[in-house]
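Student: Dropping a structure here in structure tokens format, bear with me for questions.
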Amino acid sequence: MARRSYARFGNADYGIWYRFAAVLVKPVTTALVKPDWHGWEHLPERGGFLTVVNHNSLIDPLIYAHWQYNSGRPPRMLGKSSVFSVPFIGFMLRRTGQIPVFRDSTDAAQAFRAAIEAIDSGECVQFYPEGTLTRDPDLWPMTGKTGAARVALVTGAPVIPVAHWGAHEIIPPYGRGGKGRFNLFPRHRVTVAAGPPVDLSKYQGHEITAQVLKDATEDIMAAITEVLAGIRQEQPPAVRYDMRQASRLRGEAAEAKGDRAAGPGTNDRTKKHKYEGMTPEENSK
């Protein structure tokens, strides 16, 4: 496992609370994980940057934080606001400068403002672009959300793709994989690796439109997938799993199944009832 000297970095200011958190977290991850860590040479030695990471286990944040901490560049991680309400955990997250994400609220944009300010101040900010644990059946990265791309294009900072593999064997996502939800022992080998910065230069200087964000996000997800494919030594799927599309297809399948269970003619009767009492003009719409 390659190691890196903290002394090479001019802004590796962890602070007392960050170091205290490391004292708590590192023994846990060390007890559970046989680390196989690579790619620190791709992290900028100075200046702000983003890391974008795949997500396939609830324990991912602890393992990633350990990997990033040992790189010499302390990360600021975005996390669900609900976690910041958990006693002691929330206290430590705030003290170490982590950034809460208030989903579906008027405060949702605050996380991105805080991320931009942190990067402009020379810090590392970590994103899970998928926004949640992957639903891909084989745990490949899904389609991503556009927040990381937006912050990257606004700041112009380097975007470092990071992939890890093996944590899903410790805590399988969504209760998958075997006799119990937790498989803590024996220790599992977990690989974490970074790749070279994502090339987003073709988007710089352009208006940040929805299409630009979508395209830049796909470039980011492709870079993460490439790093993960190298770790797994497997070919990723040709089509990326889209959670929204999958949800829509499940809904359509459930609706069709319900129509079949109700018997023939149900749709016709429903439509007839719907259109009764409407004028010819309204029925034609």
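Scheme for the structure tokens: letters A, B, ... for chains in order shown; per-chain residue numbers from 1; ligand numbers from 1 in order shown.
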So that I can see what lies close to stretch 132-141 of chain A, please list as number ranges by chain the residues with an atom at most 9 Å from it, counting only C-alpha atoms and leaving out residues fewer than 5 positions away in the same chain.
Tutor: A: 54-58, 168, 173-174, 221-222, 224-225, 228-229, 236-237, 240-243
Student: Which residues are close to A:Gly166, i.e. within 7 Å by only C-alpha atoms, leaving aside same-chain residues fewer than 2 positions away? Reply as a ChimeraX atom specification.
Tutor: /A:164,168-169,188-191
Student: Let's have the selection written as a PDB file, in the first residue's frame, with C-alpha atoms.
Tutor:
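New file part_20.pdb:
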ATOM      1  CA  HIS A 164     -13.766   1.861  -3.958  1.00  0.00           C
ATOM      2  CA  HIS A 168     -20.296  -3.935   0.112  1.00  0.00           C
ATOM      3  CA  GLU A 169     -19.075  -7.257   1.517  1.00  0.00           C
ATOM      4  CA  HIS A 188     -12.343  -7.720   4.151  1.00  0.00           C
ATOM      5  CA  ARG A 189      -9.971  -6.344   1.560  1.00  0.00           C
ATOM      6  CA  VAL A 190     -11.222  -2.964   0.349  1.00  0.00           C
ATOM      7  CA  THR A 191      -9.596  -1.171  -2.560  1.00  0.00           C
TER       8      THR A 191
END
Student: Report the closest atom pair, with its distance in Å rounded to one decimal, for each residue of stretch 35-136 of chain A that has an atom no farther than 12 Å from stretch 151-157 of chain A; count only C-alpha atoms, sort by chain and then rising residue number, and write it as a Markdown table.
Tutor:
| residue | atom | partner | partner_atom | distance |
| --- | --- | --- | --- | --- |
| A:Leu43 | CA | A:Ala157 | CA | 11.7 |
| A:Pro44 | CA | A:Ala157 | CA | 10.1 |
| A:Arg46 | CA | A:Ala157 | CA | 11.3 |
| A:Gly47 | CA | A:Ala157 | CA | 8.3 |
| A:Gly48 | CA | A:Ala157 | CA | 6.3 |
| A:Phe49 | CA | A:Ala157 | CA | 5.0 |
| A:Leu50 | CA | A:Ala157 | CA | 7.0 |
| A:Thr51 | CA | A:Ala152 | CA | 10.1 |
| A:Val52 | CA | A:Ala152 | CA | 10.5 |
| A:Ala109 | CA | A:Val151 | CA | 10.9 |
| A:Gln110 | CA | A:Val151 | CA | 11.9 |
| A:Ala111 | CA | A:Val151 | CA | 10.2 |
| A:Phe112 | CA | A:Val151 | CA | 6.7 |
| A:Arg113 | CA | A:Val151 | CA | 8.4 |
| A:Ala114 | CA | A:Val151 | CA | 10.1 |
| A:Ala115 | CA | A:Val151 | CA | 7.3 |
| A:Ile116 | CA | A:Val151 | CA | 6.2 |
| A:Glu117 | CA | A:Thr155 | CA | 9.1 |
| A:Ala118 | CA | A:Thr155 | CA | 10.2 |
| A:Ile119 | CA | A:Thr155 | CA | 7.4 |
| A:Asp120 | CA | A:Thr155 | CA | 7.0 |
| A:Ser121 | CA | A:Thr155 | CA | 10.7 |
| A:Gly122 | CA | A:Ala157 | CA | 9.5 |
| A:Glu123 | CA | A:Ala157 | CA | 10.3 |
| A:Cys124 | CA | A:Ala157 | CA | 9.8 |
| A:Val125 | CA | A:Val151 | CA | 9.9 |
| A:Gln126 | CA | A:Val151 | CA | 11.1 |
| A:Phe127 | CA | A:Val151 | CA | 10.2 |
| A:Pro129 | CA | A:Val151 | CA | 11.5 |
Student: For A:Val212, which residue among A:Val86, A:Gly230, A:Gly251, A:Ala149 is the nearest when counting only C-alpha atoms?
Tutor: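 Nearest candidate to A:Val212 out of A:Val86, A:Gly230, A:Gly251, A:Ala149: A:Ala149.
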Student: For a test of reading the model, state the distance in Å between atom CA of A:Tyr64 and atom CA of A:Val192, rounded to one decimal.
Tutor: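 Going from atom CA of A:Tyr64 over to atom CA of A:Val192, I get 7.5 Å.
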